[in-house]
Every structure is written in C-alpha cells, then in structure tokens.
>>> print(open('model_19.pdb').read())   # PDB, C-alpha atoms
ATOM      1  CA  MET A1220       0.000   0.000   0.000
ATOM      2  CA  GLN A1221       1.297   3.444  -0.878
ATOM      3  CA  PHE A1222       0.419   6.106   1.725
ATOM      4  CA  LEU A1223      -0.895   9.557   0.848
ATOM      5  CA  GLU A1224       1.760  11.945  -0.383
ATOM      6  CA  TYR A1225       1.246  15.611   0.425
ATOM      7  CA  LEU A1226      -2.495  16.134   0.455
ATOM      8  CA  TYR A1227      -3.649  19.666   0.954
ATOM      9  CA  GLY A1228      -6.757  21.472  -0.178
ATOM     10  CA  SER A1229      -7.856  20.135  -3.534
ATOM     11  CA  ARG A1230      -4.752  18.078  -4.254
ATOM     12  CA  SER A1231      -5.490  14.611  -5.550
ATOM     13  CA  ILE A1232      -4.552  11.359  -3.929
ATOM     14  CA  PRO A1233      -1.912   9.229  -5.694
ATOM     15  CA  GLN A1234      -2.994   7.074  -8.579
ATOM     16  CA  LEU A1235      -2.276   3.669  -7.000
ATOM     17  CA  MET A1236      -3.668   2.770  -3.615
ATOM     18  CA  CYS A1237      -4.272  -0.672  -2.133
ATOM     19  CA  GLY A1238      -3.713  -2.135  -5.576
ATOM     20  CA  ALA A1239      -6.668  -0.269  -7.171
ATOM     21  CA  GLU A1240      -6.490   2.712  -9.517
ATOM     22  CA  ASN A1241      -8.161   5.982  -8.587
ATOM     23  CA  LYS A1242      -9.098   7.820 -11.763
ATOM     24  CA  PHE A1243     -10.831  10.880 -10.302
ATOM     25  CA  PRO A1244      -9.190  13.603  -8.176
ATOM     26  CA  VAL A1245     -11.066  14.296  -4.974
ATOM     27  CA  LYS A1246     -10.772  16.744  -2.142
ATOM     28  CA  LEU A1247      -8.789  15.905   1.005
ATOM     29  CA  ALA A1248     -11.754  14.822   3.115
ATOM     30  CA  MET A1249     -13.107  12.592   0.388
ATOM     31  CA  GLY A1250      -9.646  11.169  -0.294
ATOM     32  CA  ILE A1251      -9.078  10.174   3.305
ATOM     33  CA  ALA A1252     -12.560   8.671   3.506
ATOM     34  CA  ALA A1253     -11.910   6.700   0.323
ATOM     35  CA  VAL A1254      -8.641   5.305   1.672
ATOM     36  CA  PHE A1255     -10.293   4.040   4.843
ATOM     37  CA  ALA A1256     -13.296   2.727   2.932
ATOM     38  CA  VAL A1257     -11.186   0.808   0.419
ATOM     39  CA  CYS A1258      -8.296  -0.327   2.633
ATOM     40  CA  GLY A1259      -9.807  -0.246   6.086
ATOM     41  CA  PRO A1260      -7.762   0.519   9.166
ATOM     42  CA  GLN A1261      -4.234  -0.877   9.028
ATOM     43  CA  GLN A1262      -2.759  -2.897  11.868
ATOM     44  CA  VAL A1263       0.367  -1.563  13.504
ATOM     45  CA  LEU A1264       2.842  -4.218  14.587
ATOM     46  CA  ALA A1265       5.377  -3.648  17.337
ATOM     47  CA  GLU A1266       7.746  -5.993  19.120
ATOM     48  CA  THR A1267       9.632  -5.667  22.372
ATOM     49  CA  GLU A1268      12.859  -7.540  23.025
ATOM     50  CA  PRO A1269      14.410  -7.831  26.475
ATOM     51  CA  ALA A1270      18.033  -6.837  27.040
ATOM     52  CA  ASN A1271      20.311  -7.330  30.010
ATOM     53  CA  ALA A1272      22.547  -4.965  31.923
ATOM     54  CA  GLU A1273      24.757  -6.309  34.689
ATOM     55  CA  ILE A1274      27.068  -5.085  37.415
ATOM     56  CA  THR A1275      28.497  -6.738  40.481
ATOM     57  CA  VAL A1276      28.489  -4.633  43.626
ATOM     58  CA  VAL A1277      30.713  -6.009  46.371
ATOM     59  CA  ARG A1278      30.125  -4.986  49.950
ATOM     60  CA  PRO A1279      33.038  -4.829  52.384
ATOM     61  CA  LEU A1280      34.157  -8.126  53.923
ATOM     62  CA  SER A1281      32.384 -10.213  51.303
ATOM     63  CA  PHE A1282      33.129 -11.917  48.010
ATOM     64  CA  VAL A1283      31.166 -12.895  44.909
ATOM     65  CA  ILE A1284      31.632 -15.221  41.960
ATOM     66  CA  ASP A1285      32.297 -13.512  38.625
ATOM     67  CA  ASP A1286      32.769 -16.628  36.430
ATOM     68  CA  ASN A1287      32.176 -20.348  36.875
ATOM     69  CA  LEU A1288      34.833 -22.988  36.296
ATOM     70  CA  ASP A1289      34.327 -24.313  32.756
ATOM     71  CA  PHE A1290      36.669 -26.842  31.132
ATOM     72  CA  GLY A1291      35.225 -26.127  27.660
ATOM     73  CA  SER A1292      34.707 -28.903  25.095
ATOM     74  CA  LEU A1293      36.821 -31.963  24.424
ATOM     75  CA  ILE A1294      36.961 -35.224  22.493
ATOM     76  CA  PRO A1295      37.877 -38.108  24.826
ATOM     77  CA  GLY A1296      40.714 -40.477  24.065
ATOM     78  CA  THR A1297      40.686 -44.267  24.104
ATOM     79  CA  ALA A1298      42.570 -44.121  27.424
ATOM     80  CA  ALA A1299      41.727 -42.196  30.580
ATOM     81  CA  GLY A1300      43.410 -38.820  30.874
ATOM     82  CA  THR A1301      43.204 -35.357  32.416
ATOM     83  CA  VAL A1302      42.444 -31.804  31.391
ATOM     84  CA  VAL A1303      44.206 -29.132  33.439
ATOM     85  CA  MET A1304      42.706 -25.643  33.598
ATOM     86  CA  ALA A1305      45.431 -23.365  34.914
ATOM     87  CA  PRO A1306      44.507 -20.230  36.896
ATOM     88  CA  THR A1307      45.836 -18.245  33.901
ATOM     89  CA  GLY A1308      43.024 -19.666  31.726
ATOM     90  CA  THR A1309      45.212 -21.962  29.620
ATOM     91  CA  ARG A1310      44.207 -25.598  29.429
ATOM     92  CA  THR A1311      46.181 -28.701  28.539
ATOM     93  CA  ALA A1312      45.242 -32.349  28.048
ATOM     94  CA  ASN A1313      46.989 -35.707  27.856
ATOM     95  CA  ASN A1314      46.464 -39.336  26.765
ATOM     96  CA  GLY A1315      44.800 -38.582  23.447
ATOM     97  CA  ILE A1316      42.203 -36.097  24.720
ATOM     98  CA  VAL A1317      41.607 -33.432  22.067
ATOM     99  CA  LEU A1318      40.613 -29.929  23.232
ATOM    100  CA  VAL A1319      38.123 -28.300  20.840
ATOM    101  CA  GLY A1320      36.565 -24.856  20.546
ATOM    102  CA  GLY A1321      36.766 -22.167  23.175
ATOM    103  CA  GLY A1322      34.436 -21.254  25.983
ATOM    104  CA  GLN A1323      36.665 -22.480  28.791
ATOM    105  CA  SER A1324      37.130 -20.259  31.819
ATOM    106  CA  THR A1325      38.633 -20.320  35.250
ATOM    107  CA  ALA A1326      36.400 -19.680  38.223
ATOM    108  CA  THR A1327      36.863 -16.025  39.165
ATOM    109  CA  PHE A1328      35.935 -14.363  42.445
ATOM    110  CA  SER A1329      36.029 -10.756  43.652
ATOM    111  CA  GLY A1330      36.042  -9.450  47.192
ATOM    112  CA  GLN A1331      36.736  -6.432  49.346
ATOM    113  CA  GLY A1332      38.486  -6.072  52.648
ATOM    114  CA  SER A1333      41.184  -3.597  53.599
ATOM    115  CA  PHE A1334      44.830  -3.216  52.682
ATOM    116  CA  ASN A1335      47.086  -5.807  54.329
ATOM    117  CA  GLN A1336      44.085  -7.595  55.892
ATOM    118  CA  ARG A1337      44.421 -11.348  56.421
ATOM    119  CA  VAL A1338      42.073 -13.657  54.485
ATOM    120  CA  ASP A1339      41.850 -17.432  54.948
ATOM    121  CA  ILE A1340      40.560 -19.376  51.925
ATOM    122  CA  SER A1341      39.455 -23.001  51.940
ATOM    123  CA  LEU A1342      37.362 -25.454  49.929
ATOM    124  CA  GLY A1343      34.302 -27.407  51.034
ATOM    125  CA  ALA A1344      35.872 -30.594  49.593
ATOM    126  CA  ASN A1345      39.247 -31.456  48.066
ATOM    127  CA  SER A1346      37.528 -32.956  45.001
ATOM    128  CA  ILE A1347      34.023 -33.184  43.518
ATOM    129  CA  LEU A1348      32.251 -35.344  40.954
ATOM    130  CA  ILE A1349      30.528 -33.827  37.955
ATOM    131  CA  THR A1350      27.725 -35.873  36.472
ATOM    132  CA  GLY A1351      26.144 -36.240  33.054
ATOM    133  CA  PRO A1352      25.070 -38.957  30.618
ATOM    134  CA  GLY A1353      28.140 -41.132  31.255
ATOM    135  CA  ALA A1354      30.281 -42.104  34.214
ATOM    136  CA  PRO A1355      30.940 -39.240  36.667
ATOM    137  CA  MET A1356      34.204 -37.334  36.255
ATOM    138  CA  ARG A1357      36.327 -36.117  39.152
ATOM    139  CA  VAL A1358      37.467 -32.490  39.494
ATOM    140  CA  ARG A1359      40.459 -32.119  41.816
ATOM    141  CA  THR A1360      43.572 -30.078  42.555
ATOM    142  CA  PHE A1361      41.973 -26.638  42.738
ATOM    143  CA  VAL A1362      44.720 -24.038  42.211
ATOM    144  CA  ILE A1363      44.348 -20.369  43.145
ATOM    145  CA  GLY A1364      45.987 -17.755  40.952
ATOM    146  CA  SER A1365      47.795 -16.013  43.787
ATOM    147  CA  THR A1366      51.444 -14.927  43.789
ATOM    148  CA  PRO A1367      52.760 -17.573  43.971
ATOM    149  CA  THR A1368      50.011 -20.008  42.957
ATOM    150  CA  ALA A1369      48.845 -22.460  45.611
ATOM    151  CA  VAL A1370      46.693 -25.585  45.802
ATOM    152  CA  LEU A1371      43.504 -25.016  47.802
ATOM    153  CA  THR A1372      42.208 -27.707  50.154
ATOM    154  CA  THR A1373      39.782 -27.971  53.042
ATOM    155  CA  ALA A1374      42.587 -26.680  55.286
ATOM    156  CA  PRO A1375      42.548 -22.852  55.124
ATOM    157  CA  LEU A1376      45.393 -21.079  53.357
ATOM    158  CA  ARG A1377      46.300 -17.615  54.618
ATOM    159  CA  PHE A1378      46.602 -14.653  52.264
ATOM    160  CA  ARG A1379      47.051 -10.895  52.703
ATOM    161  CA  ILE A1380      45.204  -8.287  50.646
ATOM    162  CA  ALA A1381      47.864  -6.393  48.677
ATOM    163  CA  ALA A1382      45.600  -3.820  46.980
ATOM    164  CA  THR A1383      45.622  -0.456  48.756
ATOM    165  CA  ASN A1384      41.860  -0.052  48.160
ATOM    166  CA  GLY A1385      41.189  -3.548  49.569
ATOM    167  CA  ILE A1386      39.509  -4.835  46.392
ATOM    168  CA  PHE A1387      40.861  -8.110  45.050
ATOM    169  CA  THR A1388      40.085 -10.668  42.345
ATOM    170  CA  PHE A1389      41.393 -14.196  42.118
ATOM    171  CA  PRO A1390      41.019 -17.004  39.564
ATOM    172  CA  ILE A1391      40.862 -20.705  40.378
ATOM    173  CA  GLY A1392      41.744 -23.533  38.021
ATOM    174  CA  ALA A1393      41.511 -27.287  38.536
ATOM    175  CA  THR A1394      42.170 -30.706  37.026
ATOM    176  CA  LEU A1395      39.441 -32.812  35.381
ATOM    177  CA  GLU A1396      39.786 -36.600  35.181
ATOM    178  CA  VAL A1397      38.259 -37.856  31.906
ATOM    179  CA  GLY A1398      37.403 -41.518  31.432
ATOM    180  CA  ALA A1399      38.419 -43.594  28.430
ATOM    181  CA  ASN A1400      35.833 -43.075  25.662
ATOM    182  CA  GLN A1401      33.832 -40.827  27.999
ATOM    183  CA  VAL A1402      30.183 -40.656  26.894
ATOM    184  CA  PRO A1403      29.466 -37.325  25.105
ATOM    185  CA  GLY A1404      27.159 -34.815  26.798
ATOM    186  CA  LYS A1405      27.093 -32.036  29.351
ATOM    187  CA  TYR A1406      28.506 -32.737  32.819
ATOM    188  CA  THR A1407      27.955 -30.427  35.788
ATOM    189  CA  GLY A1408      28.588 -30.291  39.508
ATOM    190  CA  ASN A1409      28.876 -27.907  42.442
ATOM    191  CA  TRP A1410      31.733 -26.975  44.721
ATOM    192  CA  SER A1411      32.120 -24.427  47.485
ATOM    193  CA  ILE A1412      34.785 -22.017  48.662
ATOM    194  CA  THR A1413      34.978 -20.132  51.974
ATOM    195  CA  LEU A1414      36.733 -16.847  52.770
ATOM    196  CA  ASN A1415      37.290 -15.714  56.341
ATOM    197  CA  TYR A1416      38.481 -12.153  56.943
ATOM    198  CA  PHE A1417      40.635 -11.401  60.018
TER
END
>>> encode(input="model_19.pdb", output="structure tokens")
Amino acid sequence: MQFLEYLYGSRSIPQLMCGAENKFPVKLAMGIAAVFAVCGPQQVLAETEPANAEITVVRPLSFVIDDNLDFGSLIPGTAAGTVVMAPTGTRTANNGIVLVGGGQSTATFSGQGSFNQRVDISLGANSILITGPGAPMRVRTFVIGSTPTAVLTTAPLRFRIAATNGIFTFPIGATLEVGANQVPGKYTGNWSITLNYF
C-alpha cells in the first residue's frame, strides 16, 4: 500500500492505492474517507525484546563469583586422561584427549576487605564429581591464581590483601579426570569455597 503523499486542499490522492487505480481527483476529506473505505484501518505491529545490563556490587568483607569454572569442550581419548585448567586460563590435556573450541574459563571471584588484611581461603571438599550422561568425572587439585600459585584444600590457606583499596580478584583452576571413551554430553557439579576475613 502506498500512503498519501502531500495532500492539501484540492490536491489529488496518488494514482495507486491498495492495488486499485483511482481515476478521479477528490478533495482531502473525500480522499481520506476513500482510503479508509477501500483499505480499512491498518494494523500496527510492534515488538519488544528484552536486554540485560549487569554489574556486580561487592560490599566490604564479602566476596562474589564472577565466572564459573568451565573446562570447555573436548573429544575423549581411548585411554583415561586429564584436562588441566590453569589459573591463567590456559588448558592442557593428555592421553589422546583433544581440546576443541573455546568457551573455557577459570572460576573467578572478587572481594573487598582492607589493605594488608588477612584472608583465609578453603574449599568445602578437596575434590568433587561432575555428572552427566556417562560415568561421573572427578574435578580435583583446585589451584588459586595467587602470587605464587597455591593448591587449595579444606585446610585454610592464609593470604594478605595487597591492593591499597582492599579490592581483590582471584582465579581458580583445577584438574578434570576424563574416562576412556567418555560418553558425550554435558557434565555439571557444584563446589564451594569459603573466605574468612581477620
């Protein structure tokens, strides 16, 4: 449908409207009436799409998770092997395991205390099982990206906050044990970490 183009006074409406020809010029009022009579009211379509905005606000003497531990995608080997996710974000594999695609990430946490404050960090368990369509896989040897790096366990490790504003971020990597010919699919599990400020 072609809409009216500049109608004023005794101007005529365009020659093609709603697929029909209009052979006689008419006044504005008659032209508008003719359009609605021939075409009827037109529906107006509108769509609304949601969008996200995010921010993490950390309160003093707390910490939050910024990213989950994700080993990415892999093709299992014919023998059991491991995938190591270093706190730097690099991952390596052995025994014929092929690492594919991207999407891997270390677990990352942020917190706030005060400069030179002591923080003890510990795990809820030294290893966990992640489950999916095949046999469970073990995640173990959780390594914190501190200076120097250290292996986290259920026994608290003591750190000091080096940032003068008290805000800190730390990544955690781990080792995944993959079975021989591990069944394809998504595997997930939960683990916990505790921070105590002193």
>>> closest_residue(input="model_19.pdb", among="A:Val1370, A:Ala1399, A:Ala1272, A:Leu1288", to="A:Gly1353", atoms="only C-alpha atoms")
A:Ala1399
>>> closest_residue(input="model_19.pdb", among="A:Thr1407, A:Ser1292, A:Thr1297, A:Asn1400", to="A:Pro1355", atoms="only C-alpha atoms")
A:Thr1407
>>> atom_distance(input="model_19.pdb", atom1="atom CA of A:Asp1285", atom2="atom CA of A:Val1402")
29.6 Å
>>> closest_atom_pairs(input="model_19.pdb", of="stretch 1281-1309 of chain A", to="stretch 1327-1348 of chain A", cutoff="10 Å", atoms="all atoms listed in the file", output="JSON lines")
{"residue": "A:Ser1281", "atom": "CA", "partner": "A:Gly1330", "partner_atom": "CA", "distance": 5.6}
{"residue": "A:Phe1282", "atom": "CA", "partner": "A:Gly1330", "partner_atom": "CA", "distance": 3.9}
{"residue": "A:Val1283", "atom": "CA", "partner": "A:Ser1329", "partner_atom": "CA", "distance": 5.5}
{"residue": "A:Ile1284", "atom": "CA", "partner": "A:Phe1328", "partner_atom": "CA", "distance": 4.4}
{"residue": "A:Asp1285", "atom": "CA", "partner": "A:Thr1327", "partner_atom": "CA", "distance": 5.2}
{"residue": "A:Asp1286", "atom": "CA", "partner": "A:Thr1327", "partner_atom": "CA", "distance": 5.0}
{"residue": "A:Asn1287", "atom": "CA", "partner": "A:Thr1327", "partner_atom": "CA", "distance": 6.8}
{"residue": "A:Leu1288", "atom": "CA", "partner": "A:Thr1327", "partner_atom": "CA", "distance": 7.8}
{"residue": "A:Pro1306", "atom": "CA", "partner": "A:Thr1327", "partner_atom": "CA", "distance": 9.0}
>>> residues_around(input="model_19.pdb", residues="A:Phe1361", least_positions_apart="2", cutoff="8 Å", atoms="all atoms listed in the file", output="PyMOL selection string")
chain A and resi 1345+1359+1363+1370-1372+1391-1394
>>> atom_distance(input="model_19.pdb", atom1="atom CA of A:Ile1316", atom2="atom CA of A:Arg1357")
15.6 Å
>>> closest_residue(input="model_19.pdb", among="A:Gly1308, A:Pro1269, A:Pro1390, A:Gly1385", to="A:Gly1322", atoms="all atoms listed in the file")
A:Gly1308
>>> closest_residue(input="model_19.pdb", among="A:Asn1314, A:Val1302, A:Ile1386, A:Ser1324", to="A:Thr1360", atoms="all atoms listed in the file")
A:Val1302
>>> atom_distance(input="model_19.pdb", atom1="atom CA of A:Gly1300", atom2="atom CA of A:Trp1410")
21.6 Å
>>> decode(input="model_19.pdb", residues="stretch 1324-1361 of chain A", atoms="N, CA, C and O atoms", output="PDB file, in the first residue's frame")
ATOM      1  N   SER A1324      36.815 -21.388  30.938  1.00  0.00           N
ATOM      2  CA  SER A1324      37.130 -20.259  31.819  1.00  0.00           C
ATOM      3  C   SER A1324      37.475 -20.767  33.208  1.00  0.00           C
ATOM      4  O   SER A1324      36.964 -21.787  33.655  1.00  0.00           O
ATOM      5  N   THR A1325      38.352 -20.033  33.849  1.00  0.00           N
ATOM      6  CA  THR A1325      38.633 -20.320  35.250  1.00  0.00           C
ATOM      7  C   THR A1325      37.462 -19.799  36.078  1.00  0.00           C
ATOM      8  O   THR A1325      36.691 -18.954  35.625  1.00  0.00           O
ATOM      9  N   ALA A1326      37.329 -20.298  37.281  1.00  0.00           N
ATOM     10  CA  ALA A1326      36.400 -19.680  38.223  1.00  0.00           C
ATOM     11  C   ALA A1326      37.061 -18.384  38.682  1.00  0.00           C
ATOM     12  O   ALA A1326      38.266 -18.358  38.934  1.00  0.00           O
ATOM     13  N   THR A1327      36.299 -17.309  38.743  1.00  0.00           N
ATOM     14  CA  THR A1327      36.863 -16.025  39.165  1.00  0.00           C
ATOM     15  C   THR A1327      35.997 -15.429  40.255  1.00  0.00           C
ATOM     16  O   THR A1327      34.761 -15.410  40.133  1.00  0.00           O
ATOM     17  N   PHE A1328      36.626 -14.951  41.302  1.00  0.00           N
ATOM     18  CA  PHE A1328      35.935 -14.363  42.445  1.00  0.00           C
ATOM     19  C   PHE A1328      36.478 -12.963  42.703  1.00  0.00           C
ATOM     20  O   PHE A1328      37.638 -12.679  42.426  1.00  0.00           O
ATOM     21  N   SER A1329      35.625 -12.104  43.251  1.00  0.00           N
ATOM     22  CA  SER A1329      36.029 -10.756  43.652  1.00  0.00           C
ATOM     23  C   SER A1329      35.604 -10.523  45.089  1.00  0.00           C
ATOM     24  O   SER A1329      34.566 -11.035  45.529  1.00  0.00           O
ATOM     25  N   GLY A1330      36.379  -9.747  45.810  1.00  0.00           N
ATOM     26  CA  GLY A1330      36.042  -9.450  47.192  1.00  0.00           C
ATOM     27  C   GLY A1330      36.579  -8.092  47.605  1.00  0.00           C
ATOM     28  O   GLY A1330      37.304  -7.440  46.860  1.00  0.00           O
ATOM     29  N   GLN A1331      36.221  -7.689  48.817  1.00  0.00           N
ATOM     30  CA  GLN A1331      36.736  -6.432  49.346  1.00  0.00           C
ATOM     31  C   GLN A1331      36.962  -6.547  50.843  1.00  0.00           C
ATOM     32  O   GLN A1331      36.085  -6.982  51.585  1.00  0.00           O
ATOM     33  N   GLY A1332      38.133  -6.181  51.240  1.00  0.00           N
ATOM     34  CA  GLY A1332      38.486  -6.072  52.648  1.00  0.00           C
ATOM     35  C   GLY A1332      39.206  -4.755  52.833  1.00  0.00           C
ATOM     36  O   GLY A1332      38.752  -3.734  52.344  1.00  0.00           O
ATOM     37  N   SER A1333      40.360  -4.804  53.471  1.00  0.00           N
ATOM     38  CA  SER A1333      41.184  -3.597  53.599  1.00  0.00           C
ATOM     39  C   SER A1333      42.644  -3.969  53.347  1.00  0.00           C
ATOM     40  O   SER A1333      43.026  -5.143  53.442  1.00  0.00           O
ATOM     41  N   PHE A1334      43.427  -2.980  53.004  1.00  0.00           N
ATOM     42  CA  PHE A1334      44.830  -3.216  52.682  1.00  0.00           C
ATOM     43  C   PHE A1334      45.533  -3.966  53.804  1.00  0.00           C
ATOM     44  O   PHE A1334      45.377  -3.660  54.980  1.00  0.00           O
ATOM     45  N   ASN A1335      46.280  -4.995  53.420  1.00  0.00           N
ATOM     46  CA  ASN A1335      47.086  -5.807  54.329  1.00  0.00           C
ATOM     47  C   ASN A1335      46.252  -6.669  55.282  1.00  0.00           C
ATOM     48  O   ASN A1335      46.791  -7.261  56.220  1.00  0.00           O
ATOM     49  N   GLN A1336      44.945  -6.756  55.046  1.00  0.00           N
ATOM     50  CA  GLN A1336      44.085  -7.595  55.892  1.00  0.00           C
ATOM     51  C   GLN A1336      44.330  -9.068  55.567  1.00  0.00           C
ATOM     52  O   GLN A1336      44.575  -9.444  54.428  1.00  0.00           O
ATOM     53  N   ARG A1337      44.237  -9.909  56.590  1.00  0.00           N
ATOM     54  CA  ARG A1337      44.421 -11.348  56.421  1.00  0.00           C
ATOM     55  C   ARG A1337      43.119 -11.973  55.955  1.00  0.00           C
ATOM     56  O   ARG A1337      42.045 -11.661  56.467  1.00  0.00           O
ATOM     57  N   VAL A1338      43.221 -12.905  54.990  1.00  0.00           N
ATOM     58  CA  VAL A1338      42.073 -13.657  54.485  1.00  0.00           C
ATOM     59  C   VAL A1338      42.462 -15.125  54.436  1.00  0.00           C
ATOM     60  O   VAL A1338      43.490 -15.480  53.859  1.00  0.00           O
ATOM     61  N   ASP A1339      41.650 -15.989  55.039  1.00  0.00           N
ATOM     62  CA  ASP A1339      41.850 -17.432  54.948  1.00  0.00           C
ATOM     63  C   ASP A1339      40.871 -17.985  53.924  1.00  0.00           C
ATOM     64  O   ASP A1339      39.670 -17.684  53.956  1.00  0.00           O
ATOM     65  N   ILE A1340      41.383 -18.804  52.991  1.00  0.00           N
ATOM     66  CA  ILE A1340      40.560 -19.376  51.925  1.00  0.00           C
ATOM     67  C   ILE A1340      40.654 -20.893  51.998  1.00  0.00           C
ATOM     68  O   ILE A1340      41.744 -21.457  52.097  1.00  0.00           O
ATOM     69  N   SER A1341      39.486 -21.542  51.914  1.00  0.00           N
ATOM     70  CA  SER A1341      39.455 -23.001  51.940  1.00  0.00           C
ATOM     71  C   SER A1341      38.317 -23.508  51.058  1.00  0.00           C
ATOM     72  O   SER A1341      37.401 -22.771  50.702  1.00  0.00           O
ATOM     73  N   LEU A1342      38.390 -24.796  50.728  1.00  0.00           N
ATOM     74  CA  LEU A1342      37.362 -25.454  49.929  1.00  0.00           C
ATOM     75  C   LEU A1342      36.442 -26.278  50.819  1.00  0.00           C
ATOM     76  O   LEU A1342      36.840 -26.710  51.903  1.00  0.00           O
ATOM     77  N   GLY A1343      35.230 -26.526  50.323  1.00  0.00           N
ATOM     78  CA  GLY A1343      34.302 -27.407  51.034  1.00  0.00           C
ATOM     79  C   GLY A1343      34.707 -28.864  50.921  1.00  0.00           C
ATOM     80  O   GLY A1343      34.435 -29.673  51.797  1.00  0.00           O
ATOM     81  N   ALA A1344      35.384 -29.232  49.812  1.00  0.00           N
ATOM     82  CA  ALA A1344      35.872 -30.594  49.593  1.00  0.00           C
ATOM     83  C   ALA A1344      37.097 -30.509  48.698  1.00  0.00           C
ATOM     84  O   ALA A1344      37.210 -29.603  47.870  1.00  0.00           O
ATOM     85  N   ASN A1345      38.025 -31.471  48.870  1.00  0.00           N
ATOM     86  CA  ASN A1345      39.247 -31.456  48.066  1.00  0.00           C
ATOM     87  C   ASN A1345      38.997 -31.879  46.618  1.00  0.00           C
ATOM     88  O   ASN A1345      39.809 -31.596  45.739  1.00  0.00           O
ATOM     89  N   SER A1346      37.898 -32.580  46.361  1.00  0.00           N
ATOM     90  CA  SER A1346      37.528 -32.956  45.001  1.00  0.00           C
ATOM     91  C   SER A1346      36.012 -33.101  44.942  1.00  0.00           C
ATOM     92  O   SER A1346      35.356 -33.273  45.973  1.00  0.00           O
ATOM     93  N   ILE A1347      35.461 -33.003  43.731  1.00  0.00           N
ATOM     94  CA  ILE A1347      34.023 -33.184  43.518  1.00  0.00           C
ATOM     95  C   ILE A1347      33.820 -34.072  42.303  1.00  0.00           C
ATOM     96  O   ILE A1347      34.735 -34.279  41.506  1.00  0.00           O
ATOM     97  N   LEU A1348      32.620 -34.601  42.152  1.00  0.00           N
ATOM     98  CA  LEU A1348      32.251 -35.344  40.954  1.00  0.00           C
ATOM     99  C   LEU A1348      31.278 -34.505  40.146  1.00  0.00           C
ATOM    100  O   LEU A1348      30.349 -33.900  40.704  1.00  0.00           O
ATOM    101  N   ILE A1349      31.510 -34.448  38.833  1.00  0.00           N
ATOM    102  CA  ILE A1349      30.528 -33.827  37.955  1.00  0.00           C
ATOM    103  C   ILE A1349      29.822 -34.953  37.211  1.00  0.00           C
ATOM    104  O   ILE A1349      30.435 -35.957  36.852  1.00  0.00           O
ATOM    105  N   THR A1350      28.524 -34.794  37.037  1.00  0.00           N
ATOM    106  CA  THR A1350      27.725 -35.873  36.472  1.00  0.00           C
ATOM    107  C   THR A1350      27.067 -35.451  35.169  1.00  0.00           C
ATOM    108  O   THR A1350      26.826 -34.274  34.919  1.00  0.00           O
ATOM    109  N   GLY A1351      26.779 -36.454  34.349  1.00  0.00           N
ATOM    110  CA  GLY A1351      26.144 -36.240  33.054  1.00  0.00           C
ATOM    111  C   GLY A1351      25.651 -37.568  32.523  1.00  0.00           C
ATOM    112  O   GLY A1351      25.335 -38.474  33.291  1.00  0.00           O
ATOM    113  N   PRO A1352      25.622 -37.731  31.196  1.00  0.00           N
ATOM    114  CA  PRO A1352      25.070 -38.957  30.618  1.00  0.00           C
ATOM    115  C   PRO A1352      25.953 -40.190  30.806  1.00  0.00           C
ATOM    116  O   PRO A1352      25.470 -41.320  30.709  1.00  0.00           O
ATOM    117  N   GLY A1353      27.229 -40.003  31.064  1.00  0.00           N
ATOM    118  CA  GLY A1353      28.140 -41.132  31.255  1.00  0.00           C
ATOM    119  C   GLY A1353      28.604 -41.241  32.688  1.00  0.00           C
ATOM    120  O   GLY A1353      27.983 -40.702  33.609  1.00  0.00           O
ATOM    121  N   ALA A1354      29.713 -41.946  32.874  1.00  0.00           N
ATOM    122  CA  ALA A1354      30.281 -42.104  34.214  1.00  0.00           C
ATOM    123  C   ALA A1354      30.686 -40.730  34.764  1.00  0.00           C
ATOM    124  O   ALA A1354      31.122 -39.863  34.012  1.00  0.00           O
ATOM    125  N   PRO A1355      30.524 -40.522  36.076  1.00  0.00           N
ATOM    126  CA  PRO A1355      30.940 -39.240  36.667  1.00  0.00           C
ATOM    127  C   PRO A1355      32.430 -38.985  36.456  1.00  0.00           C
ATOM    128  O   PRO A1355      33.222 -39.926  36.375  1.00  0.00           O
ATOM    129  N   MET A1356      32.799 -37.723  36.377  1.00  0.00           N
ATOM    130  CA  MET A1356      34.204 -37.334  36.255  1.00  0.00           C
ATOM    131  C   MET A1356      34.604 -36.546  37.494  1.00  0.00           C
ATOM    132  O   MET A1356      33.821 -35.761  38.018  1.00  0.00           O
ATOM    133  N   ARG A1357      35.829 -36.784  37.943  1.00  0.00           N
ATOM    134  CA  ARG A1357      36.327 -36.117  39.152  1.00  0.00           C
ATOM    135  C   ARG A1357      37.026 -34.810  38.790  1.00  0.00           C
ATOM    136  O   ARG A1357      37.799 -34.754  37.839  1.00  0.00           O
ATOM    137  N   VAL A1358      36.741 -33.763  39.582  1.00  0.00           N
ATOM    138  CA  VAL A1358      37.467 -32.490  39.494  1.00  0.00           C
ATOM    139  C   VAL A1358      38.268 -32.378  40.784  1.00  0.00           C
ATOM    140  O   VAL A1358      37.715 -32.496  41.880  1.00  0.00           O
ATOM    141  N   ARG A1359      39.568 -32.142  40.652  1.00  0.00           N
ATOM    142  CA  ARG A1359      40.459 -32.119  41.816  1.00  0.00           C
ATOM    143  C   ARG A1359      41.560 -31.084  41.613  1.00  0.00           C
ATOM    144  O   ARG A1359      41.623 -30.423  40.587  1.00  0.00           O
ATOM    145  N   THR A1360      42.410 -30.959  42.592  1.00  0.00           N
ATOM    146  CA  THR A1360      43.572 -30.078  42.555  1.00  0.00           C
ATOM    147  C   THR A1360      43.181 -28.664  42.130  1.00  0.00           C
ATOM    148  O   THR A1360      43.569 -28.167  41.075  1.00  0.00           O
ATOM    149  N   PHE A1361      42.395 -28.022  42.970  1.00  0.00           N
ATOM    150  CA  PHE A1361      41.973 -26.638  42.738  1.00  0.00           C
ATOM    151  C   PHE A1361      43.157 -25.713  43.046  1.00  0.00           C
ATOM    152  O   PHE A1361      43.691 -25.744  44.155  1.00  0.00           O
TER     153      PHE A1361
END
